[in-house]
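J.: Next up, model-v9.pdb (PDB, C-alpha atoms).
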ATOM      1  CA  MET A1069      36.475 -16.833  -4.882
ATOM      2  CA  ALA A1070      36.910 -13.224  -3.942
ATOM      3  CA  GLU A1071      33.777 -11.333  -3.067
ATOM      4  CA  LEU A1072      32.175  -9.692  -6.086
ATOM      5  CA  THR A1073      30.015  -7.316  -4.101
ATOM      6  CA  LYS A1074      31.305  -5.276  -1.200
ATOM      7  CA  ILE A1075      29.023  -3.195   0.994
ATOM      8  CA  ARG A1076      29.762  -0.533   3.563
ATOM      9  CA  ALA A1077      26.851   0.739   5.602
ATOM     10  CA  LYS A1078      27.220   3.310   8.344
ATOM     11  CA  MET A1079      24.752   5.397  10.292
ATOM     12  CA  ASP A1080      24.968   9.158   9.854
ATOM     13  CA  GLY A1081      22.375  10.666  12.187
ATOM     14  CA  ASN A1082      19.149   8.774  11.482
ATOM     15  CA  THR A1083      20.184   7.985   7.924
ATOM     16  CA  ALA A1084      22.186   4.997   6.781
ATOM     17  CA  ASP A1085      24.931   5.845   4.314
ATOM     18  CA  ILE A1086      25.380   2.830   2.048
ATOM     19  CA  LYS A1087      28.222   2.325  -0.393
ATOM     20  CA  VAL A1088      28.469  -0.610  -2.762
ATOM     21  CA  LEU A1089      31.406  -1.686  -4.901
ATOM     22  CA  ILE A1090      30.930  -4.470  -7.445
ATOM     23  CA  THR A1091      33.654  -6.229  -9.398
ATOM     24  CA  HIS A1092      32.366  -6.325 -12.975
ATOM     25  CA  ILE A1093      33.842  -5.692 -16.424
ATOM     26  CA  MET A1094      30.863  -3.555 -17.627
ATOM     27  CA  GLU A1095      31.777  -4.166 -21.263
ATOM     28  CA  THR A1096      29.971  -1.712 -23.552
ATOM     29  CA  GLY A1097      29.710  -3.818 -26.704
ATOM     30  CA  GLN A1098      31.370  -0.983 -28.608
ATOM     31  CA  ARG A1099      35.009  -1.908 -28.165
ATOM     32  CA  LYS A1100      36.980  -3.967 -30.644
ATOM     33  CA  ASP A1101      39.417  -6.687 -29.721
ATOM     34  CA  ALA A1102      42.833  -5.251 -30.663
ATOM     35  CA  LYS A1103      44.042  -8.619 -32.017
ATOM     36  CA  THR A1104      41.034  -9.963 -33.881
ATOM     37  CA  GLY A1105      39.273  -6.704 -34.778
ATOM     38  CA  GLN A1106      36.030  -8.313 -33.587
ATOM     39  CA  ILE A1107      33.567  -6.364 -31.436
ATOM     40  CA  ILE A1108      33.724  -7.483 -27.830
ATOM     41  CA  PRO A1109      30.136  -8.370 -26.880
ATOM     42  CA  ALA A1110      28.399  -6.247 -24.261
ATOM     43  CA  HIS A1111      28.582  -7.690 -20.766
ATOM     44  CA  PHE A1112      27.099  -5.509 -18.073
ATOM     45  CA  ILE A1113      24.930  -5.421 -14.972
ATOM     46  CA  GLN A1114      21.306  -4.645 -15.835
ATOM     47  CA  ASN A1115      19.467  -4.847 -12.527
ATOM     48  CA  VAL A1116      20.452  -3.972  -8.989
ATOM     49  CA  THR A1117      18.260  -4.037  -5.899
ATOM     50  CA  ALA A1118      18.845  -3.080  -2.303
ATOM     51  CA  ALA A1119      16.711  -4.252   0.591
ATOM     52  CA  LEU A1120      16.773  -2.951   4.141
ATOM     53  CA  ASN A1121      15.507  -5.548   6.618
ATOM     54  CA  GLY A1122      13.789  -7.320   3.731
ATOM     55  CA  LYS A1123      12.084  -4.222   2.306
ATOM     56  CA  THR A1124      13.171  -2.909  -1.087
ATOM     57  CA  VAL A1125      14.689   0.564  -0.758
ATOM     58  CA  LEU A1126      16.315   0.822  -4.166
ATOM     59  CA  SER A1127      15.694  -0.853  -7.477
ATOM     60  CA  ALA A1128      17.914   0.142 -10.378
ATOM     61  CA  GLU A1129      18.292  -0.554 -14.068
ATOM     62  CA  TRP A1130      21.719   0.133 -15.534
ATOM     63  CA  SER A1131      23.086   0.619 -19.030
ATOM     64  CA  VAL A1132      26.546  -0.228 -20.360
ATOM     65  CA  ALA A1133      27.553   3.335 -19.389
ATOM     66  CA  ILE A1134      27.947   2.598 -15.702
ATOM     67  CA  ALA A1135      31.722   2.565 -15.188
ATOM     68  CA  LYS A1136      33.724  -0.650 -14.867
ATOM     69  CA  ASN A1137      33.702  -2.054 -11.318
ATOM     70  CA  PRO A1138      30.516  -0.148 -10.496
ATOM     71  CA  PHE A1139      30.157   2.087  -7.485
ATOM     72  CA  LEU A1140      26.787   2.906  -5.995
ATOM     73  CA  GLY A1141      26.067   5.161  -3.043
ATOM     74  CA  PHE A1142      22.622   5.799  -1.569
ATOM     75  CA  LYS A1143      20.975   6.741   1.717
ATOM     76  CA  ALA A1144      18.162   5.162   3.701
ATOM     77  CA  LYS A1145      16.265   7.139   6.290
ATOM     78  CA  GLY A1146      14.934   5.508   9.447
ATOM     79  CA  ALA A1147      17.516   2.726   9.494
ATOM     80  CA  LYS A1148      19.438   1.894  12.633
ATOM     81  CA  THR A1149      22.633   0.200  13.703
ATOM     82  CA  GLY A1150      22.330  -3.573  13.341
ATOM     83  CA  ASP A1151      19.820  -3.403  10.485
ATOM     84  CA  LYS A1152      20.511  -5.681   7.567
ATOM     85  CA  ILE A1153      21.181  -4.443   4.058
ATOM     86  CA  VAL A1154      21.107  -6.894   1.138
ATOM     87  CA  ILE A1155      22.341  -6.025  -2.370
ATOM     88  CA  SER A1156      21.504  -8.219  -5.366
ATOM     89  CA  TRP A1157      22.402  -7.804  -9.005
ATOM     90  CA  GLU A1158      22.125  -9.626 -12.292
ATOM     91  CA  ASP A1159      23.937  -9.011 -15.578
ATOM     92  CA  ASN A1160      22.862  -9.508 -19.201
ATOM     93  CA  LYS A1161      24.422 -12.984 -19.264
ATOM     94  CA  GLY A1162      22.453 -14.147 -16.243
ATOM     95  CA  ASN A1163      25.359 -13.950 -13.774
ATOM     96  CA  LYS A1164      24.188 -12.768 -10.383
ATOM     97  CA  ASP A1165      25.361 -12.100  -6.887
ATOM     98  CA  THR A1166      23.875 -11.245  -3.521
ATOM     99  CA  ALA A1167      25.716  -9.737  -0.577
ATOM    100  CA  GLU A1168      24.642  -8.848   2.914
ATOM    101  CA  GLU A1169      25.973  -6.382   5.452
ATOM    102  CA  THR A1170      24.991  -5.137   8.882
ATOM    103  CA  ILE A1171      24.685  -1.377   9.336
ATOM    104  CA  LYS A1172      27.344  -0.027  11.686
TER     105      LYS A1172
ATOM    106  CA  MET B1024      -6.086 -21.943 -28.481
ATOM    107  CA  ASN B1025      -9.249 -20.954 -26.727
ATOM    108  CA  PRO B1026      -9.445 -17.142 -26.851
ATOM    109  CA  LEU B1027     -11.754 -16.936 -23.858
ATOM    110  CA  ARG B1028      -9.345 -18.917 -21.714
ATOM    111  CA  ARG B1029      -6.529 -16.568 -22.814
ATOM    112  CA  THR B1030      -8.509 -13.483 -21.810
ATOM    113  CA  THR B1031      -9.437 -15.053 -18.498
ATOM    114  CA  LEU B1032      -5.810 -15.925 -17.831
ATOM    115  CA  LYS B1033      -4.742 -12.384 -18.655
ATOM    116  CA  SER B1034      -7.309 -10.837 -16.356
ATOM    117  CA  THR B1035      -6.356 -13.242 -13.596
ATOM    118  CA  ILE B1036      -2.721 -12.231 -13.922
ATOM    119  CA  ALA B1037      -3.652  -8.542 -14.020
ATOM    120  CA  LEU B1038      -5.802  -8.959 -10.918
ATOM    121  CA  ALA B1039      -3.069 -10.865  -9.111
ATOM    122  CA  ALA B1040      -0.605  -8.104  -9.956
ATOM    123  CA  LEU B1041      -3.049  -5.467  -8.733
ATOM    124  CA  ALA B1042      -3.580  -7.345  -5.499
ATOM    125  CA  GLY B1043       0.178  -7.518  -5.052
ATOM    126  CA  LEU B1044       0.171 -11.287  -5.165
ATOM    127  CA  LEU B1045       2.889 -11.531  -7.765
ATOM    128  CA  PRO B1046       6.494 -10.931  -6.740
ATOM    129  CA  ALA B1047       7.165  -7.208  -6.989
ATOM    130  CA  ARG B1048      10.316  -7.635  -9.056
ATOM    131  CA  VAL B1049      11.328 -10.162 -11.615
ATOM    132  CA  PHE B1050      14.942  -9.612 -12.590
ATOM    133  CA  ALA B1051      16.048  -9.242 -16.226
ATOM    134  CA  ALA B1052      12.516  -9.047 -17.584
ATOM    135  CA  GLU B1053      12.409  -5.618 -15.985
ATOM    136  CA  TRP B1054      15.244  -4.153 -18.041
ATOM    137  CA  ASN B1055      13.812  -1.545 -20.405
ATOM    138  CA  LYS B1056      15.571  -2.513 -23.635
ATOM    139  CA  ALA B1057      13.819   0.080 -25.829
ATOM    140  CA  ALA B1058      14.774   2.961 -23.541
ATOM    141  CA  PHE B1059      18.343   1.807 -22.889
ATOM    142  CA  GLU B1060      19.103   1.182 -26.545
ATOM    143  CA  ALA B1061      17.535   4.447 -27.740
ATOM    144  CA  LYS B1062      20.041   6.579 -29.647
ATOM    145  CA  ASN B1063      18.857   9.973 -28.439
ATOM    146  CA  VAL B1064      17.334  11.577 -25.356
ATOM    147  CA  ALA B1065      13.848  12.019 -26.814
ATOM    148  CA  GLU B1066      13.587   8.336 -27.752
ATOM    149  CA  ALA B1067      14.972   7.236 -24.394
ATOM    150  CA  LEU B1068      12.360   9.305 -22.554
ATOM    151  CA  LYS B1069       9.660   7.923 -24.809
ATOM    152  CA  GLY B1070      10.874   4.400 -24.035
ATOM    153  CA  LEU B1071      10.620   5.139 -20.334
ATOM    154  CA  GLY B1072       7.146   6.568 -20.791
ATOM    155  CA  LEU B1073       8.255   9.928 -19.430
ATOM    156  CA  GLY B1074       6.440  13.032 -20.623
ATOM    157  CA  ALA B1075       7.111  16.711 -20.045
ATOM    158  CA  THR B1076       9.640  17.645 -17.380
ATOM    159  CA  ALA B1077       9.909  20.917 -15.461
ATOM    160  CA  ASP B1078      13.306  22.460 -14.712
ATOM    161  CA  SER B1079      14.047  22.362 -11.013
ATOM    162  CA  LYS B1080      16.633  24.053  -8.823
ATOM    163  CA  ASP B1081      15.946  21.432  -6.175
ATOM    164  CA  ILE B1082      17.921  18.833  -8.085
ATOM    165  CA  ILE B1083      21.633  19.171  -7.495
ATOM    166  CA  ILE B1084      24.087  17.388  -9.758
ATOM    167  CA  LYS B1085      27.622  17.145  -8.485
ATOM    168  CA  ALA B1086      30.042  16.258 -11.259
ATOM    169  CA  PRO B1087      33.516  17.310 -12.339
ATOM    170  CA  GLU B1088      33.638  20.319 -14.649
ATOM    171  CA  ILE B1089      36.336  18.560 -16.647
ATOM    172  CA  ALA B1090      36.765  14.796 -16.688
ATOM    173  CA  GLU B1091      40.216  13.713 -17.803
ATOM    174  CA  SER B1092      38.889  10.324 -18.729
ATOM    175  CA  GLY B1093      35.334   9.648 -19.804
ATOM    176  CA  SER B1094      35.610   6.064 -18.629
ATOM    177  CA  ASN B1095      35.047   6.959 -14.995
ATOM    178  CA  VAL B1096      33.092  10.122 -14.173
ATOM    179  CA  GLN B1097      31.854  10.500 -10.612
ATOM    180  CA  ILE B1098      28.253  11.763 -10.533
ATOM    181  CA  GLU B1099      26.199  12.626  -7.483
ATOM    182  CA  VAL B1100      22.521  13.529  -7.762
ATOM    183  CA  THR B1101      20.610  14.964  -4.821
ATOM    184  CA  SER B1102      16.913  15.655  -5.097
ATOM    185  CA  ASN B1103      15.498  17.943  -2.437
ATOM    186  CA  ILE B1104      12.024  17.528  -3.903
ATOM    187  CA  PRO B1105       9.749  15.974  -1.264
ATOM    188  CA  GLY B1106       8.511  12.508  -2.124
ATOM    189  CA  THR B1107      11.220  11.714  -4.667
ATOM    190  CA  GLN B1108      10.339   8.321  -6.167
ATOM    191  CA  SER B1109      12.995   7.874  -8.804
ATOM    192  CA  ILE B1110      16.170   9.376 -10.238
ATOM    193  CA  THR B1111      17.026   8.799 -13.895
ATOM    194  CA  ILE B1112      20.467   9.714 -15.239
ATOM    195  CA  LEU B1113      21.284  10.417 -18.887
ATOM    196  CA  ALA B1114      24.569  11.343 -20.535
ATOM    197  CA  GLU B1115      23.009  13.246 -23.403
ATOM    198  CA  LYS B1116      25.631  12.660 -26.106
ATOM    199  CA  ASN B1117      26.493   9.054 -25.333
ATOM    200  CA  PRO B1118      25.695   6.594 -28.157
ATOM    201  CA  SER B1119      22.812   5.490 -25.930
ATOM    202  CA  PRO B1120      22.065   8.381 -23.556
ATOM    203  CA  LEU B1121      20.071   6.551 -20.869
ATOM    204  CA  THR B1122      22.584   5.563 -18.214
ATOM    205  CA  ALA B1123      20.571   4.437 -15.221
ATOM    206  CA  VAL B1124      17.190   4.487 -13.541
ATOM    207  CA  PHE B1125      17.040   4.309  -9.751
ATOM    208  CA  GLU B1126      13.694   3.711  -8.096
ATOM    209  CA  LEU B1127      13.626   4.709  -4.462
ATOM    210  CA  SER B1128      11.233   3.415  -1.831
ATOM    211  CA  ASN B1129      10.710   2.691   1.863
ATOM    212  CA  GLY B1130      12.775   5.570   3.227
ATOM    213  CA  ALA B1131      15.487   5.779   0.572
ATOM    214  CA  GLU B1132      16.488   9.434   0.261
ATOM    215  CA  GLY B1133      16.609  11.400  -2.973
ATOM    216  CA  TYR B1134      20.294  10.743  -3.398
ATOM    217  CA  ILE B1135      22.406   8.632  -5.745
ATOM    218  CA  SER B1136      26.143   8.513  -6.183
ATOM    219  CA  THR B1137      27.726   6.537  -9.000
ATOM    220  CA  ARG B1138      30.405   6.533 -11.690
ATOM    221  CA  ILE B1139      29.536   6.656 -15.356
ATOM    222  CA  LYS B1140      31.160   6.491 -18.778
ATOM    223  CA  MET B1141      30.936   9.448 -21.152
ATOM    224  CA  SER B1142      31.933   9.276 -24.820
ATOM    225  CA  GLN B1143      32.331  13.050 -25.183
ATOM    226  CA  THR B1144      31.638  16.440 -23.597
ATOM    227  CA  SER B1145      27.948  16.545 -22.825
ATOM    228  CA  ASN B1146      25.209  17.465 -20.440
ATOM    229  CA  VAL B1147      24.544  15.001 -17.677
ATOM    230  CA  ARG B1148      20.812  15.157 -17.076
ATOM    231  CA  ALA B1149      18.885  13.983 -14.051
ATOM    232  CA  ILE B1150      15.145  13.430 -14.133
ATOM    233  CA  VAL B1151      13.327  13.112 -10.848
ATOM    234  CA  LYS B1152       9.863  11.696 -10.382
ATOM    235  CA  ALA B1153       8.127  13.026  -7.296
ATOM    236  CA  GLY B1154       4.443  12.933  -6.459
ATOM    237  CA  GLY B1155       3.732  11.682  -9.973
ATOM    238  CA  LYS B1156       5.394  14.759 -11.536
ATOM    239  CA  LEU B1157       8.665  15.017 -13.436
ATOM    240  CA  TYR B1158      11.478  17.449 -12.716
ATOM    241  CA  THR B1159      14.838  17.860 -14.378
ATOM    242  CA  ALA B1160      18.253  19.501 -14.124
ATOM    243  CA  ALA B1161      21.433  19.214 -16.178
ATOM    244  CA  ARG B1162      25.111  19.935 -15.793
ATOM    245  CA  GLU B1163      27.808  19.955 -18.416
ATOM    246  CA  VAL B1164      30.867  17.742 -18.054
ATOM    247  CA  LYS B1165      33.791  18.374 -20.392
ATOM    248  CA  VAL B1166      35.449  15.133 -21.390
ATOM    249  CA  THR B1167      39.073  15.126 -22.503
ATOM    250  CA  ILE B1168      39.280  11.468 -23.563
ATOM    251  CA  GLY B1169      36.046   9.599 -24.286
ATOM    252  CA  GLY B1170      35.317   6.433 -22.388
ATOM    253  CA  CYS B1171      32.907   4.413 -24.447
ATOM    254  CA  GLY B1172      34.885   3.084 -27.381
ATOM    255  CA  GLY B1173      38.385   1.910 -26.918
TER     256      GLY B1173
END
Translate this structure into structure tokens?

T.:
Amino acid sequence: MAELTKIRAKMDGNTADIKVLITHIMETGQRKDAKTGQIIPAHFIQNVTAALNGKTVLSAEWSVAIAKNPFLGFKAKGAKTGDKIVISWEDNKGNKDTAEETIK
Amino acid sequence: MNPLRRTTLKSTIALAALAGLLPARVFAAEWNKAAFEAKNVAEALKGLGLGATADSKDIIIKAPEIAESGSNVQIEVTSNIPGTQSITILAEKNPSPLTAVFELSNGAEGYISTRIKMSQTSNVRAIVKAGGKLYTAAREVKVTIGGCGG
């Protein structure tokens, strides 16, 4: 299976610049199926966490209004090349994923 | 059920939480349903337990002036307020305004970049918690085609 969560982490001075791209439908629960006229149930990521060398640096709660195939960028001070960044998420249906990347 | 046992259990759990013995984060249970499903800004803030906010020029929201499509609006929030602990983003006129809450810790800077959906032209509001105080800033994004329905 293709990776659901892609991470890019690069040092910029003494700050790590981290970019995350997740493959997810982020269905709002407000759209109707064109054929059946039925509301398409909401399906979206609710919780996202980021850990740097095992320490939580970011902990997020999302609504249905985060765009499809979510993008998240954040910065962590005091990181260094070779440090490990781990991103985990879980959606409202209990699907989850965890990805790991080394800071370059 | 023995009420005393219940109370004792509760206090034990509270104590364990205080002592940091419980895992810091339990997924899913943490999602603030009341705040995220609130239909207006005031209710969303109430759901989050956020009180009065002070306008701040130290919060910079980078967003397009006009978004062709509301289904994908790039938003960047930078907080230059020292000790920024969290950044909350609301799209004020969305059916449910609360869009995201980002808690920052252990060296994470006051910066978040993401893409959001907007149903119509509206203020995008950021609320920053720093040193236990709340600060806010807003920026209008004009939306040509809404991105929430379909």

J.: Could you list, as number ranges by chain, every residue matched by the PyMOL selection byres ((chain A and resi 1114-1119) around 6) in this structure?

T.: A: 1113, 1120, 1122-1130, 1153-1159

J.: Between A:Met1079, A:Ala1147, A:Ile1171, A:Ala1110, which is the closest to chain B once you count all atoms listed in the file?

T.: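 Looking only at the distances to chain B, the closest residue turns out to be A:Ala1147.
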
J.: Return as a Markdown table the residues of chain B lying at most 6 Å from chain A, together with the closest atom-to-atom pair for each and the distance in Å to one decimal, counting all atoms listed in the file, with rows in chain order and ascending residue number.

T.:
| residue | atom | partner | partner_atom | distance |
| --- | --- | --- | --- | --- |
| B:Asn1095 | CA | A:Ala1135 | CA | 5.5 |
| B:Thr1122 | CA | A:Ser1131 | CA | 5.0 |
| B:Ala1123 | CA | A:Trp1130 | CA | 4.5 |
| B:Val1124 | CA | A:Glu1129 | CA | 5.2 |
| B:Phe1125 | CA | A:Ala1128 | CA | 4.3 |
| B:Glu1126 | CA | A:Ser1127 | CA | 5.0 |
| B:Leu1127 | CA | A:Leu1126 | CA | 4.7 |
| B:Ser1128 | CA | A:Val1125 | CA | 4.6 |
| B:Asn1129 | CA | A:Val1125 | CA | 5.2 |
| B:Gly1130 | CA | A:Lys1145 | CA | 4.9 |
| B:Ala1131 | CA | A:Ala1144 | CA | 4.2 |
| B:Glu1132 | CA | A:Lys1143 | CA | 5.4 |
| B:Tyr1134 | CA | A:Phe1142 | CA | 5.8 |
| B:Ile1135 | CA | A:Phe1142 | CA | 5.1 |
| B:Ser1136 | CA | A:Gly1141 | CA | 4.6 |
| B:Thr1137 | CA | A:Leu1140 | CA | 4.8 |
| B:Arg1138 | CA | A:Ala1135 | CA | 5.5 |
| B:Ile1139 | CA | A:Ile1134 | CA | 4.4 |
| B:Lys1140 | CA | A:Ala1133 | CA | 4.8 |
| B:Gly1172 | CA | A:Arg1099 | CA | 5.1 |
| B:Gly1173 | CA | A:Arg1099 | CA | 5.2 |

J.: With C-alpha atoms retained, could you export that selection as a PDB file, keeping the file's coordinate frame?

T.:
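Contents of the output file part_3.pdb:
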ATOM      1  CA  ASN B1095      35.047   6.959 -14.995  1.00  0.00           C
ATOM      2  CA  THR B1122      22.584   5.563 -18.214  1.00  0.00           C
ATOM      3  CA  ALA B1123      20.571   4.437 -15.221  1.00  0.00           C
ATOM      4  CA  VAL B1124      17.190   4.487 -13.541  1.00  0.00           C
ATOM      5  CA  PHE B1125      17.040   4.309  -9.751  1.00  0.00           C
ATOM      6  CA  GLU B1126      13.694   3.711  -8.096  1.00  0.00           C
ATOM      7  CA  LEU B1127      13.626   4.709  -4.462  1.00  0.00           C
ATOM      8  CA  SER B1128      11.233   3.415  -1.831  1.00  0.00           C
ATOM      9  CA  ASN B1129      10.710   2.691   1.863  1.00  0.00           C
ATOM     10  CA  GLY B1130      12.775   5.570   3.227  1.00  0.00           C
ATOM     11  CA  ALA B1131      15.487   5.779   0.572  1.00  0.00           C
ATOM     12  CA  GLU B1132      16.488   9.434   0.261  1.00  0.00           C
ATOM     13  CA  TYR B1134      20.294  10.743  -3.398  1.00  0.00           C
ATOM     14  CA  ILE B1135      22.406   8.632  -5.745  1.00  0.00           C
ATOM     15  CA  SER B1136      26.143   8.513  -6.183  1.00  0.00           C
ATOM     16  CA  THR B1137      27.726   6.537  -9.000  1.00  0.00           C
ATOM     17  CA  ARG B1138      30.405   6.533 -11.690  1.00  0.00           C
ATOM     18  CA  ILE B1139      29.536   6.656 -15.356  1.00  0.00           C
ATOM     19  CA  LYS B1140      31.160   6.491 -18.778  1.00  0.00           C
ATOM     20  CA  GLY B1172      34.885   3.084 -27.381  1.00  0.00           C
ATOM     21  CA  GLY B1173      38.385   1.910 -26.918  1.00  0.00           C
TER      22      GLY B1173
END

J.: For atom CA of B:Gly1154 and atom CA of B:Gly1106, quote the distance in Å rounded to one decimal.

T.: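 That distance, rounded to one decimal, is 6.0 Å.
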
J.: I'd like the interatomic distance between atom CA of B:Gly1070 and atom CA of B:Glu1088, to a tenth of an Å.

T.: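 Distance reported for this atom pair: 29.3 Å.
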
J.: Kindly give the distance, in Å, that separates atom CA of B:Ala1075 and atom CA of B:Met1141, rounded to a single decimal.

T.: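 Answer for the atom CA of B:Ala1075 to atom CA of B:Met1141 separation: 24.9 Å.
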
J.: Could you tell me which of A:Thr1073, A:Thr1091, A:Asn1082, A:Thr1104 comes closest to A:Thr1149 if we count all atoms listed in the file?

T.: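 Using all atoms listed in the file, A:Thr1149 sits closest to A:Asn1082.
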
J.: Just need the box for stretch 1107-1121 of chain A, edges along x, y and z, holding every atom the file lists for it with 3 Å tacked onto each side, so centre and edge lengths in Å to one decimal, as AutoDock Vina command-line options.

T.:
--center_x 24.6 --center_y -5.7 --center_z -12.4 --size_x 24.2 --size_y 11.4 --size_z 44.1

J.: Running the PyMOL selection byres ((chain B and resi 1159) around 7) on this model by hand, what would come out? Give it as an MDAnalysis selection string.

T.: chainID B and resid 1076:1079 1149:1151 1157:1158 1160:1161

J.: Go ahead and save the picked residues with C-alpha atoms, as a CSV table (one decimal), in the frame of the given file.

T.:
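Dumped everything to selection12.csv:
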chain,number,residue,atom,x,y,z
B,1076,THR,CA,9.6,17.6,-17.4
B,1077,ALA,CA,9.9,20.9,-15.5
B,1078,ASP,CA,13.3,22.5,-14.7
B,1079,SER,CA,14.0,22.4,-11.0
B,1149,ALA,CA,18.9,14.0,-14.1
B,1150,ILE,CA,15.1,13.4,-14.1
B,1151,VAL,CA,13.3,13.1,-10.8
B,1157,LEU,CA,8.7,15.0,-13.4
B,1158,TYR,CA,11.5,17.4,-12.7
B,1160,ALA,CA,18.3,19.5,-14.1
B,1161,ALA,CA,21.4,19.2,-16.2

J.: Just so the selection is clear, what residues does the PyMOL selection byres ((chain B and resi 1170) around 6) cover here, as a list in words?

T.: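 Taken over the shown coordinates, the PyMOL selection byres ((chain B and resi 1170) around 6) returns Gly1093, Ser1094, Lys1140, Met1141, Ser1142, Gly1169 and Cys1171 of chain B.
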
J.: Taking N, CA and C atoms as the atom set, what does stretch 1143-1162 of chain A look like once completed, written as a short mmCIF file (atom, residue, chain, number, x, y, z; two decimals), in the coordinates of the input?

T.:
data_model
loop_
_atom_site.label_atom_id
_atom_site.label_comp_id
_atom_site.auth_asym_id
_atom_site.auth_seq_id
_atom_site.Cartn_x
_atom_site.Cartn_y
_atom_site.Cartn_z
N LYS A 1143 21.25 6.49 0.30
CA LYS A 1143 20.98 6.74 1.72
C LYS A 1143 19.58 6.26 2.10
N ALA A 1144 19.47 5.65 3.24
CA ALA A 1144 18.16 5.16 3.70
C ALA A 1144 17.83 5.76 5.05
N LYS A 1145 16.71 6.48 5.07
CA LYS A 1145 16.26 7.14 6.29
C LYS A 1145 15.57 6.12 7.21
N GLY A 1146 15.68 6.34 8.50
CA GLY A 1146 14.93 5.51 9.45
C GLY A 1146 15.61 4.18 9.75
N ALA A 1147 16.79 3.96 9.20
CA ALA A 1147 17.52 2.73 9.49
C ALA A 1147 18.21 2.89 10.84
N LYS A 1148 18.67 1.79 11.39
CA LYS A 1148 19.44 1.89 12.63
C LYS A 1148 20.57 0.87 12.66
N THR A 1149 21.49 1.11 13.55
CA THR A 1149 22.63 0.20 13.70
C THR A 1149 22.12 -1.22 13.91
N GLY A 1150 22.73 -2.17 13.21
CA GLY A 1150 22.33 -3.57 13.34
C GLY A 1150 21.34 -4.02 12.28
N ASP A 1151 20.74 -3.05 11.57
CA ASP A 1151 19.82 -3.40 10.48
C ASP A 1151 20.61 -4.10 9.38
N LYS A 1152 19.86 -4.89 8.61
CA LYS A 1152 20.51 -5.68 7.57
C LYS A 1152 20.25 -5.09 6.19
N ILE A 1153 21.33 -4.94 5.42
CA ILE A 1153 21.18 -4.44 4.06
C ILE A 1153 21.64 -5.56 3.10
N VAL A 1154 20.80 -5.84 2.11
CA VAL A 1154 21.11 -6.89 1.14
C VAL A 1154 21.12 -6.29 -0.26
N ILE A 1155 22.21 -6.51 -0.99
CA ILE A 1155 22.34 -6.02 -2.37
C ILE A 1155 22.34 -7.22 -3.30
N SER A 1156 21.52 -7.16 -4.35
CA SER A 1156 21.50 -8.22 -5.37
C SER A 1156 21.63 -7.61 -6.74
N TRP A 1157 22.32 -8.30 -7.63
CA TRP A 1157 22.40 -7.80 -9.01
C TRP A 1157 22.42 -8.96 -10.00
N GLU A 1158 22.08 -8.63 -11.23
CA GLU A 1158 22.12 -9.63 -12.29
C GLU A 1158 22.60 -8.94 -13.58
N ASP A 1159 23.47 -9.62 -14.33
CA ASP A 1159 23.94 -9.01 -15.58
C ASP A 1159 23.23 -9.61 -16.79
N ASN A 1160 23.57 -9.11 -17.98
CA ASN A 1160 22.86 -9.51 -19.20
C ASN A 1160 23.17 -10.94 -19.62
N LYS A 1161 24.14 -11.58 -18.96
CA LYS A 1161 24.42 -12.98 -19.26
C LYS A 1161 23.85 -13.90 -18.19
N GLY A 1162 23.09 -13.33 -17.28
CA GLY A 1162 22.45 -14.15 -16.24
C GLY A 1162 23.33 -14.40 -15.02
#
